[in-house]
Structure formats: C-alpha cells, structure tokens
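For reference, the structure discussed in these notes is given below.
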Amino acid sequence: MQFGILGTAGIGIESVIPAIQASDHAAAAIASRDETRASAVADEVGIPTAYGSYEALLADDSLDAVYIPLPNSLHADWVRAAADHGLHVLCEKPLTASADETAAVFDYCEDAGVTLMEGFMYRFHPRTERAAELVASELGEVVSVTSNFSFRLPDGAENIRIEPELAGGSVMDVGCYAISAARLFLGTPDRVYATTTDTRDCGVDTRMSGVLEYDSGATARVESSFDTPETQYYRVQTTDGWLEAKTAFNIEPTASAELTYATDGRVVTETFDPIDNYRREVEAFARAVETGETPRIDREESVDLMRTIDAVYESADTGRAVDLN
C-alpha cells in the first residue's frame with residue numbers, strides 16, 4: 001500500500017513513517033503547507049515525493065491511503081478531503097473534536113467507500129491484547145479501573161497542545177488514552193463526572209480528573225495532566241484479583257513491556273519482547289483495507305470514546321454528572 005503523509009508533525013517523522021517503512025508498505029509522499037519544509041523532511045526520512053500543499057498530495061493518483069497527524073481541529077476536514085479522492089484514512093487520535101463530528105466523518109467515508117481508522121497505537125501492542133484477554137476470560141468481574149496519562153509540558157512553550165482553536169487540552173492529547181483504556185475493560189459508561197483546570201490560562205484544560213460510573217456498580221477513575229512528571233498506567237481491580245500495566249501507552253519499540261496480574265492467590269508477571277506497536281497499527285489498518293474487514297478501532301469505538309470525552313467536558317463545565325443514556 002502506498003501511503004501519503006499529510007503534515008510534518010513529529011509523531012509522523014519519529015514513529016509512524018518509520019513504522020510504514022519497516023512494514024511491507026511504503027511512505028510514498030509527504031505534504032506540508034511549506035514546500036521547503038516538505039522537501040527537507042522527505043530527504044530526512046527517505047520519502048521520494050514532497051508536495052507544498054495537502055491538496056497536491058491528495059491529487060496524486062499513485063497513493064492508496066493517507067496518514068493524518070495534523071492538529072485535532074483539522075482532522076475532520078482532511079479526512080473528508082481524502083475520502084473525496086478515494087483514499088483510505090489512518091488518522092491520529094482523537095479522530096475529531098466531538099462525537100457528532102466523529103459520526104459524520106464515518107458516514108462520509110462509508111458513502112465514499114473508503115476505510116477510516118483512528119490511530120490508538122497502544123491497542124495493537126501484544127501486552128494490551130493480552131490484558132484485554134485476561135480481563136475478559138480469566139479474571140473475575142471488573143470492580144474498578146484506574147488510568148492515568150500525564151506529563152510535564154514545559155512552561156511558556158508554544159505548542160498546539162494548548163491552543164483552543166486547534167482543539168488542544170490534556171484530555172484531547174493524553175486523557176483520551178486513559179479514557180480509552182477504561183472503556184477497553186468496562187465499555188461505555190452510564191454516567192460521567194469530571195473536573196478540569198486551566199493552570200496556564202491558555203483556554204484549554206491542562207488537568208483533568210474524572211469518574212466514569214456504570215449501572216453494574218463498577219467505576220473508572222481517569223486522569224490527565226500537562227503539569228506533572230510523566231505517568232502512564234492502568235490498573236484493573238476484579239472480584240478475584242487485579243491487573244496492572246505501567247508505561248501503558250507510549251511504549252518505545254526498543255523497550256520490553258510487563259503485565260502483572262493476580263488471581264486465586266498467585267501473582268504473575270508476563271514480559272513482552274520489544275515490538276513496534278505503530279508498525280502493528282499500520283499493518284492492521286492496511287489489512288482491514290485489503291480484506292474489507294472492520295478495523296479493530298471501528299466506528300462504534302471512536303464515536304463512543306468521543307461521547308465520553310464530550311461528557312467529561314460537559315460535566316466540567318456544568319459541575320454536574322452527565323448521563324450518557
């Protein structure tokens with residue numbers, strides 16, 4: 001599959017382009033609004049074709065799909081533009097800035113006959129797959145989940161993560177991982193209560209703390225922040241044990257990973273060899289395109305994730321719990 005890259009964001013340069021190049025697929029073209037920048041990055045990472053506009057890349061008939069790492073607020077427009085050219089789309093998380101918009105872009109892509117998948121790379125790591133399997137089939141009923149993804153964004157930094165017009169904020173950047181993990185083990189919550197704080201007076205949340213409630217009695221506590229040292233983990237408490245993963249989301253391709261769980265009085269730690277979960281994400285997306293199968297991260301998951309994020313923001317704004325039913 002021939003991929004075009006819409007934008008020169010760091011995540012593409014450092015993670016996704018190398019993952020495509022390590023697979024059986026190709027990063028065939030890259031575009032920037034600055035042709036000089038596009039050419040420089042193309043030379044740096046070994047991409048044969050560079051374009052000085054996104055529109056020019058989309059018009060390249062040799063491409064099969066695009067990868068979109070643009071700022072959050074631009075995702076929906078460029079997903080639709082790619083679909084208009086018959087290009088399949090792998091788009092960075094969060095797919096759009098609201099549940100309604102997410103549903104609309106899936107409708108658009110379905111009408112255009114192209115595959116759309118949101119890029120949550122941690123979902124394709126074997127440790128995540130094993131954690132989901134253990135919770136589903138070997139551990140007891142889930143009582144609670146705790147999930148956190150936080151890091152310290154340098155003070156005074158100009159960064160798209162804290163730009164309101166680009167749909168920034170800690171929830172949209174890293175909190176979405178914590179919420180995604182809670183949903184992986186418990187599904188869509190029935191109620192959401194959350195608080196957010198703008199510690200930098202930048203117009204977006206820089207901290208979030210939320211509780212997801214379920215009619216079963218289970219709860220999930222989710223947190224994100226731009227103001228604390230890096231923390232990323234999830235812990236699942238069950239009626240007969242627990243499961244925990246540290247460095248849970250952004251796992252370096254050269255790093256091994258551990259999953260620890262306890263059940264029936266025994267504690268087990270499983271170790272997973274280094275693997276590039278971005279490459280596994282790319283390969284899973286391409287396989288879905290080639291076979292016509294529904295991607296692992298499908299319409300229902302992406303829409304319901306954004307429904308939960310919408311509820312986090314609504315609860316923070318109103319000071320009340322939000323009922324998703």
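We name chains A, B, ... following the order of the structure tokens; residues begin at 1 in each chain, and ligands are numbered from 1 as shown.
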Spatial neighbours of Glu223 of chain A, 8 Å, only C-alpha atoms, chain gap at least 6 places, as a list of chain:residue names:
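My list of contacting residues is A:Ser147, A:Asn148, A:Phe149, A:Ser150, A:Gly175, A:Ala178, A:Arg207, A:Met208, A:Ser209, A:Gly210.
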List as a PyMOL selection string the protein and nucleic acid residues near Ala220 of chain A, meaning an atom at most 10 Å away when only C-alpha atoms are counted, but skip any in the same chain fewer than 3 places from it.
chain A and resi 142-147+178-179+181-183+185-186+189+192+210-214+235-237
What's around Thr115 of chain A at 12 Å? Count only C-alpha atoms, leave out sequence neighbours fewer than 6 positions away in its own chain, and write the answer as a PDB file with N, CA, C and O atoms, in the first residue's frame.
```
ATOM      1  N   ASP A  64      -2.678   5.120  -2.208  1.00  0.00           N
ATOM      2  CA  ASP A  64      -3.821   4.300  -1.792  1.00  0.00           C
ATOM      3  C   ASP A  64      -4.470   4.818  -0.510  1.00  0.00           C
ATOM      4  O   ASP A  64      -5.658   4.614  -0.288  1.00  0.00           O
ATOM      5  N   ALA A  65      -3.670   5.447   0.345  1.00  0.00           N
ATOM      6  CA  ALA A  65      -4.153   5.844   1.662  1.00  0.00           C
ATOM      7  C   ALA A  65      -3.353   7.040   2.151  1.00  0.00           C
ATOM      8  O   ALA A  65      -2.264   7.332   1.634  1.00  0.00           O
ATOM      9  N   VAL A  66      -3.900   7.714   3.156  1.00  0.00           N
ATOM     10  CA  VAL A  66      -3.165   8.795   3.806  1.00  0.00           C
ATOM     11  C   VAL A  66      -3.128   8.555   5.306  1.00  0.00           C
ATOM     12  O   VAL A  66      -4.035   7.942   5.890  1.00  0.00           O
ATOM     13  N   TYR A  67      -2.080   9.057   5.901  1.00  0.00           N
ATOM     14  CA  TYR A  67      -1.956   9.127   7.357  1.00  0.00           C
ATOM     15  C   TYR A  67      -2.013  10.596   7.733  1.00  0.00           C
ATOM     16  O   TYR A  67      -1.296  11.420   7.155  1.00  0.00           O
ATOM     17  N   VAL A  79      -9.921  14.444   6.577  1.00  0.00           N
ATOM     18  CA  VAL A  79     -10.470  13.103   6.360  1.00  0.00           C
ATOM     19  C   VAL A  79     -11.458  13.136   5.197  1.00  0.00           C
ATOM     20  O   VAL A  79     -11.414  12.293   4.286  1.00  0.00           O
ATOM     21  N   ARG A  80     -12.348  14.122   5.199  1.00  0.00           N
ATOM     22  CA  ARG A  80     -13.330  14.234   4.117  1.00  0.00           C
ATOM     23  C   ARG A  80     -12.647  14.507   2.769  1.00  0.00           C
ATOM     24  O   ARG A  80     -13.031  13.932   1.746  1.00  0.00           O
ATOM     25  N   ALA A  82      -9.659  13.622   1.863  1.00  0.00           N
ATOM     26  CA  ALA A  82      -9.028  12.378   1.409  1.00  0.00           C
ATOM     27  C   ALA A  82     -10.067  11.419   0.844  1.00  0.00           C
ATOM     28  O   ALA A  82      -9.853  10.789  -0.202  1.00  0.00           O
ATOM     29  N   ALA A  83     -11.202  11.310   1.514  1.00  0.00           N
ATOM     30  CA  ALA A  83     -12.267  10.430   1.034  1.00  0.00           C
ATOM     31  C   ALA A  83     -12.771  10.860  -0.336  1.00  0.00           C
ATOM     32  O   ALA A  83     -13.107  10.017  -1.177  1.00  0.00           O
ATOM     33  N   GLY A  86     -10.924   9.188  -2.878  1.00  0.00           N
ATOM     34  CA  GLY A  86     -10.928   7.725  -2.825  1.00  0.00           C
ATOM     35  C   GLY A  86      -9.801   7.145  -2.007  1.00  0.00           C
ATOM     36  O   GLY A  86      -9.455   5.965  -2.190  1.00  0.00           O
ATOM     37  N   LEU A  87      -9.231   7.918  -1.092  1.00  0.00           N
ATOM     38  CA  LEU A  87      -8.098   7.467  -0.288  1.00  0.00           C
ATOM     39  C   LEU A  87      -8.565   6.982   1.075  1.00  0.00           C
ATOM     40  O   LEU A  87      -9.371   7.644   1.748  1.00  0.00           O
ATOM     41  N   HIS A  88      -8.074   5.829   1.488  1.00  0.00           N
ATOM     42  CA  HIS A  88      -8.336   5.317   2.818  1.00  0.00           C
ATOM     43  C   HIS A  88      -7.570   6.169   3.832  1.00  0.00           C
ATOM     44  O   HIS A  88      -6.526   6.758   3.506  1.00  0.00           O
ATOM     45  N   VAL A  89      -8.058   6.211   5.082  1.00  0.00           N
ATOM     46  CA  VAL A  89      -7.516   7.167   6.040  1.00  0.00           C
ATOM     47  C   VAL A  89      -7.191   6.513   7.379  1.00  0.00           C
ATOM     48  O   VAL A  89      -8.057   5.918   8.032  1.00  0.00           O
ATOM     49  N   LEU A  90      -5.937   6.651   7.774  1.00  0.00           N
ATOM     50  CA  LEU A  90      -5.486   6.371   9.139  1.00  0.00           C
ATOM     51  C   LEU A  90      -5.217   7.729   9.774  1.00  0.00           C
ATOM     52  O   LEU A  90      -4.336   8.463   9.322  1.00  0.00           O
ATOM     53  N   CYS A  91      -6.003   8.094  10.792  1.00  0.00           N
ATOM     54  CA  CYS A  91      -5.931   9.434  11.367  1.00  0.00           C
ATOM     55  C   CYS A  91      -5.556   9.354  12.837  1.00  0.00           C
ATOM     56  O   CYS A  91      -6.085   8.519  13.577  1.00  0.00           O
ATOM     57  N   VAL A 105     -17.959  11.968  10.046  1.00  0.00           N
ATOM     58  CA  VAL A 105     -16.863  11.596   9.142  1.00  0.00           C
ATOM     59  C   VAL A 105     -16.903  10.109   8.813  1.00  0.00           C
ATOM     60  O   VAL A 105     -16.525   9.712   7.705  1.00  0.00           O
ATOM     61  N   PHE A 106     -17.396   9.282   9.745  1.00  0.00           N
ATOM     62  CA  PHE A 106     -17.579   7.870   9.401  1.00  0.00           C
ATOM     63  C   PHE A 106     -18.657   7.723   8.330  1.00  0.00           C
ATOM     64  O   PHE A 106     -18.496   6.939   7.382  1.00  0.00           O
ATOM     65  N   ASP A 107     -19.746   8.472   8.467  1.00  0.00           N
ATOM     66  CA  ASP A 107     -20.783   8.453   7.421  1.00  0.00           C
ATOM     67  C   ASP A 107     -20.189   8.841   6.076  1.00  0.00           C
ATOM     68  O   ASP A 107     -20.466   8.207   5.047  1.00  0.00           O
ATOM     69  N   TYR A 108     -19.388   9.886   6.086  1.00  0.00           N
ATOM     70  CA  TYR A 108     -18.789  10.412   4.852  1.00  0.00           C
ATOM     71  C   TYR A 108     -17.888   9.371   4.200  1.00  0.00           C
ATOM     72  O   TYR A 108     -17.957   9.145   2.974  1.00  0.00           O
ATOM     73  N   CYS A 109     -17.060   8.725   5.010  1.00  0.00           N
ATOM     74  CA  CYS A 109     -16.147   7.722   4.456  1.00  0.00           C
ATOM     75  C   CYS A 109     -16.887   6.487   3.977  1.00  0.00           C
ATOM     76  O   CYS A 109     -16.511   5.881   2.963  1.00  0.00           O
ATOM     77  N   ALA A 284      -2.305  -3.505  10.678  1.00  0.00           N
ATOM     78  CA  ALA A 284      -3.707  -3.837  10.930  1.00  0.00           C
ATOM     79  C   ALA A 284      -4.630  -2.981  10.078  1.00  0.00           C
ATOM     80  O   ALA A 284      -5.639  -3.470   9.541  1.00  0.00           O
ATOM     81  N   PHE A 285      -4.302  -1.705   9.949  1.00  0.00           N
ATOM     82  CA  PHE A 285      -5.097  -0.817   9.100  1.00  0.00           C
ATOM     83  C   PHE A 285      -5.051  -1.283   7.646  1.00  0.00           C
ATOM     84  O   PHE A 285      -6.089  -1.403   6.981  1.00  0.00           O
ATOM     85  N   ALA A 286      -3.860  -1.562   7.143  1.00  0.00           N
ATOM     86  CA  ALA A 286      -3.721  -1.991   5.753  1.00  0.00           C
ATOM     87  C   ALA A 286      -4.450  -3.309   5.503  1.00  0.00           C
ATOM     88  O   ALA A 286      -5.080  -3.506   4.456  1.00  0.00           O
ATOM     89  N   ARG A 287      -4.397  -4.201   6.478  1.00  0.00           N
ATOM     90  CA  ARG A 287      -5.095  -5.493   6.335  1.00  0.00           C
ATOM     91  C   ARG A 287      -6.603  -5.283   6.269  1.00  0.00           C
ATOM     92  O   ARG A 287      -7.294  -5.940   5.491  1.00  0.00           O
ATOM     93  N   ALA A 288      -7.102  -4.352   7.082  1.00  0.00           N
ATOM     94  CA  ALA A 288      -8.538  -4.052   7.042  1.00  0.00           C
ATOM     95  C   ALA A 288      -8.936  -3.494   5.680  1.00  0.00           C
ATOM     96  O   ALA A 288     -10.000  -3.843   5.138  1.00  0.00           O
ATOM     97  N   VAL A 289      -8.094  -2.633   5.122  1.00  0.00           N
ATOM     98  CA  VAL A 289      -8.372  -2.086   3.798  1.00  0.00           C
ATOM     99  C   VAL A 289      -8.387  -3.193   2.751  1.00  0.00           C
ATOM    100  O   VAL A 289      -9.305  -3.286   1.922  1.00  0.00           O
ATOM    101  N   GLU A 290      -7.375  -4.049   2.802  1.00  0.00           N
ATOM    102  CA  GLU A 290      -7.206  -5.067   1.767  1.00  0.00           C
ATOM    103  C   GLU A 290      -8.273  -6.157   1.841  1.00  0.00           C
ATOM    104  O   GLU A 290      -8.685  -6.714   0.813  1.00  0.00           O
ATOM    105  N   THR A 291      -8.740  -6.474   3.040  1.00  0.00           N
ATOM    106  CA  THR A 291      -9.705  -7.561   3.206  1.00  0.00           C
ATOM    107  C   THR A 291     -11.146  -7.069   3.290  1.00  0.00           C
ATOM    108  O   THR A 291     -12.078  -7.876   3.172  1.00  0.00           O
ATOM    109  N   GLY A 292     -11.311  -5.780   3.528  1.00  0.00           N
ATOM    110  CA  GLY A 292     -12.656  -5.250   3.727  1.00  0.00           C
ATOM    111  C   GLY A 292     -13.203  -5.499   5.114  1.00  0.00           C
ATOM    112  O   GLY A 292     -14.379  -5.230   5.383  1.00  0.00           O
ATOM    113  N   GLU A 293     -12.356  -5.992   6.024  1.00  0.00           N
ATOM    114  CA  GLU A 293     -12.784  -6.233   7.400  1.00  0.00           C
ATOM    115  C   GLU A 293     -12.938  -4.916   8.159  1.00  0.00           C
ATOM    116  O   GLU A 293     -12.318  -3.912   7.819  1.00  0.00           O
ATOM    117  N   THR A 294     -13.738  -4.942   9.200  1.00  0.00           N
ATOM    118  CA  THR A 294     -13.884  -3.768  10.058  1.00  0.00           C
ATOM    119  C   THR A 294     -12.614  -3.602  10.881  1.00  0.00           C
ATOM    120  O   THR A 294     -12.132  -4.565  11.490  1.00  0.00           O
ATOM    121  N   PRO A 295     -12.027  -2.409  10.919  1.00  0.00           N
ATOM    122  CA  PRO A 295     -10.811  -2.204  11.713  1.00  0.00           C
ATOM    123  C   PRO A 295     -11.049  -2.462  13.190  1.00  0.00           C
ATOM    124  O   PRO A 295     -12.184  -2.352  13.684  1.00  0.00           O
ATOM    125  N   ARG A 296      -9.995  -2.806  13.900  1.00  0.00           N
ATOM    126  CA  ARG A 296     -10.123  -3.045  15.338  1.00  0.00           C
ATOM    127  C   ARG A 296     -10.706  -1.832  16.049  1.00  0.00           C
ATOM    128  O   ARG A 296     -11.578  -1.959  16.906  1.00  0.00           O
ATOM    129  N   ILE A 297     -10.210  -0.650  15.718  1.00  0.00           N
ATOM    130  CA  ILE A 297     -10.787   0.576  16.254  1.00  0.00           C
ATOM    131  C   ILE A 297     -11.804   1.048  15.227  1.00  0.00           C
ATOM    132  O   ILE A 297     -11.463   1.666  14.222  1.00  0.00           O
ATOM    133  N   ASP A 298     -13.058   0.740  15.488  1.00  0.00           N
ATOM    134  CA  ASP A 298     -14.098   0.927  14.489  1.00  0.00           C
ATOM    135  C   ASP A 298     -14.971   2.141  14.811  1.00  0.00           C
ATOM    136  O   ASP A 298     -14.715   2.878  15.765  1.00  0.00           O
ATOM    137  N   ARG A 299     -15.993   2.304  14.015  1.00  0.00           N
ATOM    138  CA  ARG A 299     -16.909   3.439  14.185  1.00  0.00           C
ATOM    139  C   ARG A 299     -17.474   3.502  15.604  1.00  0.00           C
ATOM    140  O   ARG A 299     -17.463   4.559  16.241  1.00  0.00           O
TER     141      ARG A 299
END
```
Step one, run DSSP on the backbone; step two, keep only residues of segment 17-258 of chain A assigned to alpha helix (DSSP H); then write them as a ChimeraX atom specification.
/A:17-22,35-45,54-58,75-84,99-112,126-137,170,176-186
Report, in Å to a single decimal, how far apart atom CA of Pro18 of chain A and atom CA of Val174 of chain A are.
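It comes out at 22.2 Å.
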Segment 28-90 of chain A near segment 96-101 of chain A within 12 Å: what's each residue's closest atom pair and its distance in Å to one decimal, counting only C-alpha atoms, ordered by chain then ascending residue number, as JSON lines?
```
{"residue": "A:Ile68", "atom": "CA", "partner": "A:Thr96", "partner_atom": "CA", "distance": 11.6}
{"residue": "A:Pro69", "atom": "CA", "partner": "A:Thr96", "partner_atom": "CA", "distance": 11.9}
{"residue": "A:Leu70", "atom": "CA", "partner": "A:Thr96", "partner_atom": "CA", "distance": 10.9}
{"residue": "A:Pro71", "atom": "CA", "partner": "A:Thr96", "partner_atom": "CA", "distance": 9.8}
{"residue": "A:Asn72", "atom": "CA", "partner": "A:Thr96", "partner_atom": "CA", "distance": 6.2}
{"residue": "A:Ser73", "atom": "CA", "partner": "A:Ala97", "partner_atom": "CA", "distance": 6.4}
{"residue": "A:Leu74", "atom": "CA", "partner": "A:Thr96", "partner_atom": "CA", "distance": 8.0}
{"residue": "A:His75", "atom": "CA", "partner": "A:Thr96", "partner_atom": "CA", "distance": 5.9}
{"residue": "A:Ala76", "atom": "CA", "partner": "A:Thr96", "partner_atom": "CA", "distance": 5.8}
{"residue": "A:Asp77", "atom": "CA", "partner": "A:Thr96", "partner_atom": "CA", "distance": 9.4}
{"residue": "A:Trp78", "atom": "CA", "partner": "A:Thr96", "partner_atom": "CA", "distance": 10.7}
{"residue": "A:Val79", "atom": "CA", "partner": "A:Thr96", "partner_atom": "CA", "distance": 9.6}
{"residue": "A:Arg80", "atom": "CA", "partner": "A:Glu101", "partner_atom": "CA", "distance": 11.2}
```
If you run DSSP on the backbone here, which positions in segment 139-318 of chain A get strand (DSSP E)? Please write them as a VMD selection string.
chain A and resid 142 to 152 191 to 197 207 to 213 219 to 225 227 to 238 241 to 246 257 to 263 266 to 272
Name the closest residue to Gly217 of chain A among the candidates A:Glu141, A:Asp61, A:Glu314, A:Glu165; distances are taken between atoms, counting only C-alpha atoms.
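When distances to Gly217 of chain A are compared using only C-alpha atoms, the smallest one comes from A:Glu141.
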Can I get the residues of segment 105-134 of chain A within 10 Å of segment 246-267 of chain A, each with the closest pair of atoms and their distance in Å to one decimal, using only C-alpha atoms, sorted chain first then ascending number, as a tab-separated table?
```
residue	atom	partner	partner_atom	distance
A:Phe120	CA	A:Phe249	CA	8.9
A:Met121	CA	A:Phe249	CA	7.9
A:Tyr122	CA	A:Phe249	CA	5.2
A:Arg123	CA	A:Phe249	CA	8.4
A:His125	CA	A:Ile251	CA	8.6
A:Pro126	CA	A:Ala257	CA	9.3
A:Arg127	CA	A:Leu259	CA	6.7
A:Thr128	CA	A:Ala248	CA	8.2
A:Arg130	CA	A:Leu259	CA	8.5
A:Ala131	CA	A:Leu259	CA	7.5
A:Leu134	CA	A:Tyr261	CA	8.8
```
Close residues, segment 32-34 of chain A itself excluded, 6 Å, only C-alpha atoms, min 2 positions apart in chain, as a list in words
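Counting only C-alpha atoms, the residues come to Gly7, Thr36, Arg37, Ala38, Gly52 and Ser53 of chain A.
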Interatomic distance, atom CA of Thr195 of chain A to atom CA of Ile11 of chain A (Å, one decimal):
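According to the coordinates, atom CA of Thr195 of chain A and atom CA of Ile11 of chain A are separated by 28.6 Å.
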Write out as a PyMOL selection string the residues lying within 12 Å of Asp24 of chain A, counting only C-alpha atoms and excluding same-chain residues fewer than 3 positions away.
chain A and resi 1-3+18-21+27+279-280+282-284+286-287
Pick from A:Ala132, A:Gly319, A:Val204, A:Leu153: nearest to Ala245 of chain A, with only C-alpha atoms counted?
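That would be A:Ala132, the residue with the smallest distance to Ala245 of chain A.
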Please, what distance in Å, to one decimal, runs between atom CA of Ala112 of chain A and atom CA of Leu63 of chain A?
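Answer for the atom CA of Ala112 of chain A to atom CA of Leu63 of chain A separation: 16.0 Å.
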Residue nearest Thr8 of chain A among A:Ala22, A:Val45, A:Leu324, A:Met172 (counting only C-alpha atoms):
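Looking at the shortest contact to Thr8 of chain A, the residue is A:Val45.
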Restricting the calculation to only C-alpha atoms: of A:Pro48, A:Glu14, A:Thr206, A:Ile30, which residue gets closest to Arg152 of chain A?
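Among the listed residues, A:Thr206 lies closest to Arg152 of chain A.
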Considering only C-alpha atoms, return as a PyMOL selection string whatever protein or nucleic-acid residues lie within 8 Å of Ser39 of chain A, sequence-local ones (same chain, fewer than 2 positions apart) excluded.
chain A and resi 35-37+41-43+49-51
Counting only C-alpha atoms, which of A:Asp198, A:Val322, A:Thr238, A:Tyr177 gets nearest to Ala218 of chain A?
A:Thr238
